[in-house]
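Q: Structure provided below as structure tokens; questions to follow.
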Amino acid sequence: MEAELTALAASGATSLVGLMVSDSWGQAKERLARFFARRRGDAGGTDGTDGTRAAGEAEDELQAADDEPAAAHGVPDAGAVADLESRWSQRLLRILREDPDAAGELRRLLDELAPARPRPPHPDVRPDQVPALTVAFVNRTADLSALDRCFAGGGDRAAAPVGIGVLHGLPGVGKTATACHWADRSRELYPDGQMYVDFASLRGQTGGDVSEAVAMCLRSLGVSDDWMPRSLAERTALFWSRSAQRRMLVVLDDVSHPAQVRPLVPKGPGSAVLVTSHGKLGELVLDGARLISLDPLDRDGGMRLLADRCGEDAVAAERTAAERLVEVCGGLPVALHVVAARLLTDRRLTMTGLAEELADEAGRLAGLSMRGERQVSAVLGPSYRMLPPDAARLYRLLGWAPVRTFHSATAAVAAGVDSPRAAELLEVLETASLLEGSPDGRYHLHDLVRLHARECAEREEADGERTALTRRVATHYLALTALADRAIRADRLRIADLSALVADTPDPFASPGGPAPLEWLEAERTNILHVLRAASQRQLHDVVWKLAEVFTVLFLHHRHLAMWRECLELGAAAAAADLVPAAEARLRSLLSRPLLDLGEDDRARAELEAAVSCAEIADHVVLRASVQEFLGRYWDRADPARAIDAYTHSLDLNRRAGEARGAAIAAYFLGCAQDAHGDHADALTTLRRAREELLDCSDARMAARATAAIGTVHDHLGDTQEALRALREAARTLRDLDATHYEAQALVRLADITERSGAPRSAARPYLVRALEIHEAGGSPEARRLRERLEGE
């Protein structure tokens with residue numbers, strides 16, 4: 001009997017608290033007061049006086065209780081609600097013990113007051129709402145392990161704290177699939193069920209999304225709409241109370257604000273909340289949340305996804321095309337699913353054909369759609385539309401920015417704002433997972449995100465803005481590259497006068513702790529090439545040829561031949577279009593260098609002949625001397641006598657112009673040509689003088705090259721030991737100066753002389769291995785010959 005009374009008292013208390021937060025409370029108070037009064041009246045006497053007074057006291061007690069649930073729900077504190085239920089349960093149990101007949105009356109009263117009142121959830125009720133996956137789940141092993149660690153909870157899950165995990169990443173990266181897969185494989189951890197709320201479907205409810213989300217969870221726990229509290233605070237308190245004795249998982253999909261999460265954190269020990277969001281929701285860290293970033297699939301994961309959707313045989317038959325599809329999709333699952341759908345629904349479409357179609361960036365987003373529906377754009381659209389106006393504008397302009405990675409200073413230039421404001425806006429974009437930052441301070445957009453941003457810019461930005469942006473960014477890189485060029489070698493021949501530009505630009509290379517200029521150029525070389533291409537397409541000829549000229553300093557040290565050639569081709573064409581013959585002569589003569597190294601001798605000669613003509617038109621003595629020097633470099637390969645004539649002419653012109661360094665360089669090349677012509681004694685004299693003059697000009701790199709040439713002359717004169725000594729000294733110096741191309745030349749000569757000296761072949765191998773490493777890094781055709789030489793040993 002006692003157990004039945006206790007159960008009835010607990011049930012009645014729960015119903016009473018439910019009535020207090022409902023519209024029926026006002027009507028229920030009077031009848032409840034009479035019920036309590038009769039019980040007190042029976043206890044106090046039979047004349048009715050005490051009963052009337054007891055009724056009044058009971059009504060006053062119930063009136064005072066009005067504030068209890070309000071206070072409990074307003075904070076909202078599940079503990080306060082639970083305490084309130086406990087006090088009412090004790091009151092009812094006391095009455096039922098004193099008057100067993102009250103049990104029947106209480107049951108009838110509660111049934112009449114709340115015929116549809118929710119009953120406590122049955123222990124066997126187990127919500128199971130997380131959606132099933134309809135395609136195979138691939139990869140993500142590390143991410144699933146991170147989730148396992150996030151919700152580990154120790155050995156005693158019944159006493160474990162409630163865990164909160166946030167899966168964040170760019171739209172379409174597979175956050176929902178990962179969350180659903182983890183939930184499915186973790187069912188045994190949550191015996192009281194799994195609930196699921198998709199905030200994307202609730203977002204249009206004008207601020208009601210959180211309240212409705214809590215209501216959805218309450219319904220799954222047995223609360224009917226008839227007795228659903230109206231306010232968010234009341235619903236939250238009731239959810240916490242209902243979940244207090246459960247161990248469950250709550251999956252919240254597509255959350256946009258931390259406030260959407262907190263009301264839905266269950267109270268039961270060992271429970272968990274798994275959130276997916278485009279943003280990081282960093283504020284939830286204060287609540288103990290762990291943030292897990294979800295990246296696009298790697299190549300293997302992308303290939304597995306395609307194989308699952310299209311079949312292993314189909315992928316194997318066109319493996320190269322399949323890999324290209326994964327690449328153009330950037331490993332983004334939503335894009336790969338669209339690719340698979342197109343292949344499966346169009347039997348005439350092959351992977352090779354689709355890869356060719358998607359190769360063109362201009363039509364890639366359109367190609368990643370089905371029947372005209374822009375799936376990838378649609379996935380990215382909501383995140384973009386939720387951005388503040390300034391951040392949305394920066395997002396659009398970054399889609400046009402001709403760089404792939406960038407610092408905040410570049411973003412500031414692109415948007416035309418100051419650096420502090422750009423840093424704030426970049427943080428907004430990074431929080432929204434539309435931008436990814438790295439520890440070195442760089443940012444980048446996923447390729448498909450960049451195309452979406454560009455699509456938005458083309459739709460929303462004014463005519464001419466893209467050209468203006470390209471000029472701003474190109475000028476920014478021109479100033480920095482010019483400062484790096486001057487930091488490396490101040491007295492080099494330059495046609496462009498950039499003194500005013502660099503005077504107005506803070507010099508990062510002169511600042512304490514600033515980057516080394518050559519290292520900065522190496523790190524930025526891909527960006528600078530993209531800037532040159534974009535500026536050329538926008539016909540910004542004056543910026544293009546100036547940037548190509550100052551950028552060539554990198555390639556004099558690190559010979560990325562294909563890149564060097566393209567930069568100089570763009571620069572020479574821009575100088576011609578800008579009608580600056582001196583710049584055209586300079587750039588075409590420089591262009592002969594990578595062309596000769598790439599074995600394109602005939603084209604190199606044509607560029608040099610055009611350079612000679614332009615230099616004559618420009619009537620620039622030092623420039624004419626430089627062009628003659630480059631012409632001599634061409635004749636070195638074909639006619640040493642004509643090379644000597646060209647270098648002698650260059651030497652005379654430099655001396656006439658008072659160019660000591662130019663004259664010393666011409667003398668160096670003249671000595672090399674004399675050696676090649678067989679005039680070894682004259683060559684040794686010329687090269688020694690050139691080395692001394694180069695050292696006087698503080699040009700250690702060219703002086704080291706002269707030392708290497710002197711070693712070669714000693715070899716020709718039969719002085720093997722002196723040749724080896726000079727070449728070793730030159731190779732060490734050139735390596736220290738990061739002049740790797742010339743280091744490789746000295747190493748190959750060392751290997752040749754070592755092998756001819758009768759030493760074991762193994763003695764020459766280290767020289768060749770290092771030379772091969774250098775040539776492979778620069779894309780030189782010499783790498784193949786060196787590799788064959790090493791393999792033939």
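Just so we're on the same page: first chain in the structure tokens is A, next is B, and so on; residues restart at 1 for each chain, and ligands are numbered from 1 in the order they show up.
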Residues at most 8 Å from stretch 674-686 of chain A, counting only C-alpha atoms, excluding those fewer than 4 positions away in the same chain, as a compact mmCIF listing (two decimals) with N, CA and C atoms, in the first residue's frame?

A:
```txt
# COMPACT_ATOMS: atom_id res chain seq x y z
N ASP A 636 78.05 31.58 -76.17
CA ASP A 636 78.89 30.60 -75.45
C ASP A 636 78.60 29.18 -75.93
N PRO A 640 82.28 30.40 -79.44
CA PRO A 640 83.03 31.09 -78.39
C PRO A 640 83.67 32.40 -78.88
N ALA A 641 84.11 32.45 -80.15
CA ALA A 641 84.75 33.67 -80.66
C ALA A 641 83.74 34.83 -80.66
N ILE A 644 83.21 36.02 -77.17
CA ILE A 644 84.27 36.94 -76.71
C ILE A 644 84.00 38.34 -77.21
N ALA A 667 83.59 41.00 -67.36
CA ALA A 667 84.93 40.41 -67.36
C ALA A 667 84.87 38.94 -66.96
N TYR A 668 84.02 38.61 -66.01
CA TYR A 668 83.86 37.20 -65.62
C TYR A 668 83.42 36.36 -66.81
N LEU A 670 83.70 37.10 -69.91
CA LEU A 670 84.75 37.14 -70.93
C LEU A 670 85.81 36.08 -70.62
N ALA A 690 88.54 39.71 -62.49
CA ALA A 690 87.09 39.83 -62.30
C ALA A 690 86.69 39.48 -60.87
N ILE A 710 87.64 29.71 -62.23
CA ILE A 710 89.09 29.58 -62.09
C ILE A 710 89.47 28.12 -61.87
N VAL A 713 89.47 26.41 -65.20
CA VAL A 713 90.66 26.75 -65.99
C VAL A 713 91.87 25.94 -65.50
N HIS A 716 91.77 22.61 -66.96
CA HIS A 716 92.21 22.62 -68.36
C HIS A 716 93.72 22.76 -68.48
N LEU A 717 94.33 23.42 -67.47
CA LEU A 717 95.78 23.58 -67.48
C LEU A 717 96.49 22.37 -66.86
```

Q: Show me, as a short mmCIF file (atom, residue, chain, number, x, y, z; two decimals) with N, CA and C atoms, in the first residue's frame, the residues that have an atom within 9 Å of A:Ser377 when counting only C-alpha atoms, minus same-chain residues fewer than 3 positions from it.

A:
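See around_12.cif below for the written result:
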```
data_model
loop_
_atom_site.label_atom_id
_atom_site.label_comp_id
_atom_site.auth_asym_id
_atom_site.auth_seq_id
_atom_site.Cartn_x
_atom_site.Cartn_y
_atom_site.Cartn_z
N LEU A 365 31.01 25.45 -60.93
CA LEU A 365 29.86 25.38 -60.03
C LEU A 365 28.60 24.97 -60.78
N ALA A 366 28.46 25.45 -62.02
CA ALA A 366 27.30 25.03 -62.81
C ALA A 366 27.37 23.54 -63.10
N LEU A 368 28.62 21.33 -61.16
CA LEU A 368 28.35 20.60 -59.92
C LEU A 368 26.91 20.81 -59.49
N SER A 369 26.00 20.52 -60.42
CA SER A 369 24.58 20.66 -60.15
C SER A 369 23.84 19.57 -60.92
N GLU A 373 19.83 22.65 -60.80
CA GLU A 373 19.82 23.01 -59.39
C GLU A 373 21.25 23.12 -58.90
N ARG A 374 21.60 24.27 -58.35
CA ARG A 374 22.98 24.53 -57.98
C ARG A 374 23.26 23.98 -56.59
N LEU A 380 26.38 26.45 -49.86
CA LEU A 380 27.18 27.56 -49.37
C LEU A 380 26.35 28.82 -49.14
N GLY A 381 25.22 28.93 -49.85
CA GLY A 381 24.42 30.14 -49.80
C GLY A 381 23.98 30.57 -48.42
N LEU A 448 36.19 25.53 -54.08
CA LEU A 448 34.78 25.69 -54.42
C LEU A 448 34.16 26.87 -53.68
N VAL A 449 34.62 27.13 -52.46
CA VAL A 449 34.16 28.31 -51.74
C VAL A 449 34.61 29.57 -52.48
N HIS A 452 32.38 30.13 -55.36
CA HIS A 452 31.08 30.66 -54.91
C HIS A 452 31.20 32.14 -54.57
#
```

Q: Just want the 7 Å neighbourhood of stretch 777-785 of chain A, counted on only C-alpha atoms, with same-chain residues fewer than 6 positions away dropped. Output as a PyMOL selection string.

A: chain A and resi 559-561+598

Q: How would the residues just picked look written out with N, CA and C atoms as a PDB file, in the first residue's frame?

A:
```
ATOM      1  N   ARG A 559      66.227  28.732 -59.387  1.00  0.00           N
ATOM      2  CA  ARG A 559      65.864  28.720 -60.806  1.00  0.00           C
ATOM      3  C   ARG A 559      64.645  27.831 -61.074  1.00  0.00           C
ATOM      4  N   HIS A 560      63.492  28.347 -60.728  1.00  0.00           N
ATOM      5  CA  HIS A 560      62.240  27.692 -61.097  1.00  0.00           C
ATOM      6  C   HIS A 560      61.975  28.072 -62.553  1.00  0.00           C
ATOM      7  N   LEU A 561      62.483  27.253 -63.452  1.00  0.00           N
ATOM      8  CA  LEU A 561      62.619  27.692 -64.841  1.00  0.00           C
ATOM      9  C   LEU A 561      61.288  27.967 -65.521  1.00  0.00           C
ATOM     10  N   LEU A 598      66.335  25.717 -70.516  1.00  0.00           N
ATOM     11  CA  LEU A 598      65.317  24.751 -70.914  1.00  0.00           C
ATOM     12  C   LEU A 598      65.596  24.152 -72.289  1.00  0.00           C
TER      13      LEU A 598
END
```

Q: What is the distance, in Å and to one decimal place, between atom CA of A:Ala482 and atom CA of A:Asp597?

A: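 It comes out at 25.4 Å.
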
Q: Closest to A:Leu291 among A:Ser277, A:Ser757, A:Thr648, A:Ser271, using only C-alpha atoms?

A: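 With only C-alpha atoms as the atom set, the closest residue is A:Ser277.
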
Q: Near stretch 347-351 of chain A, within 8 Å and counting only C-alpha atoms, which residues show up once chain neighbours fewer than 3 positions away are dropped, as a list in words?

A: Glu318, Ala321, Ala322, Leu325, Arg342, Leu343, Leu344, Leu354 and Ala355 of chain A

Q: Can you work out which one of A:Arg593, A:Arg290, A:Arg533, A:Lys175 has the shortest atom-to-atom distance to A:Arg149, counting only C-alpha atoms?

A: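 Result for the nearest residue to A:Arg149: A:Arg290.
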
Q: Which parts of stretch 294-542 of chain A does DSSP call helix (DSSP H, G or I) when run on the backbone here, written out as an MDAnalysis selection string?

A: chainID A and resid 299:310 312:317 319:328 333:345 351:358 361:367 375:385 389:400 408:415 419:431 447:460 465:488 499:503 508:510 517:537 541:542
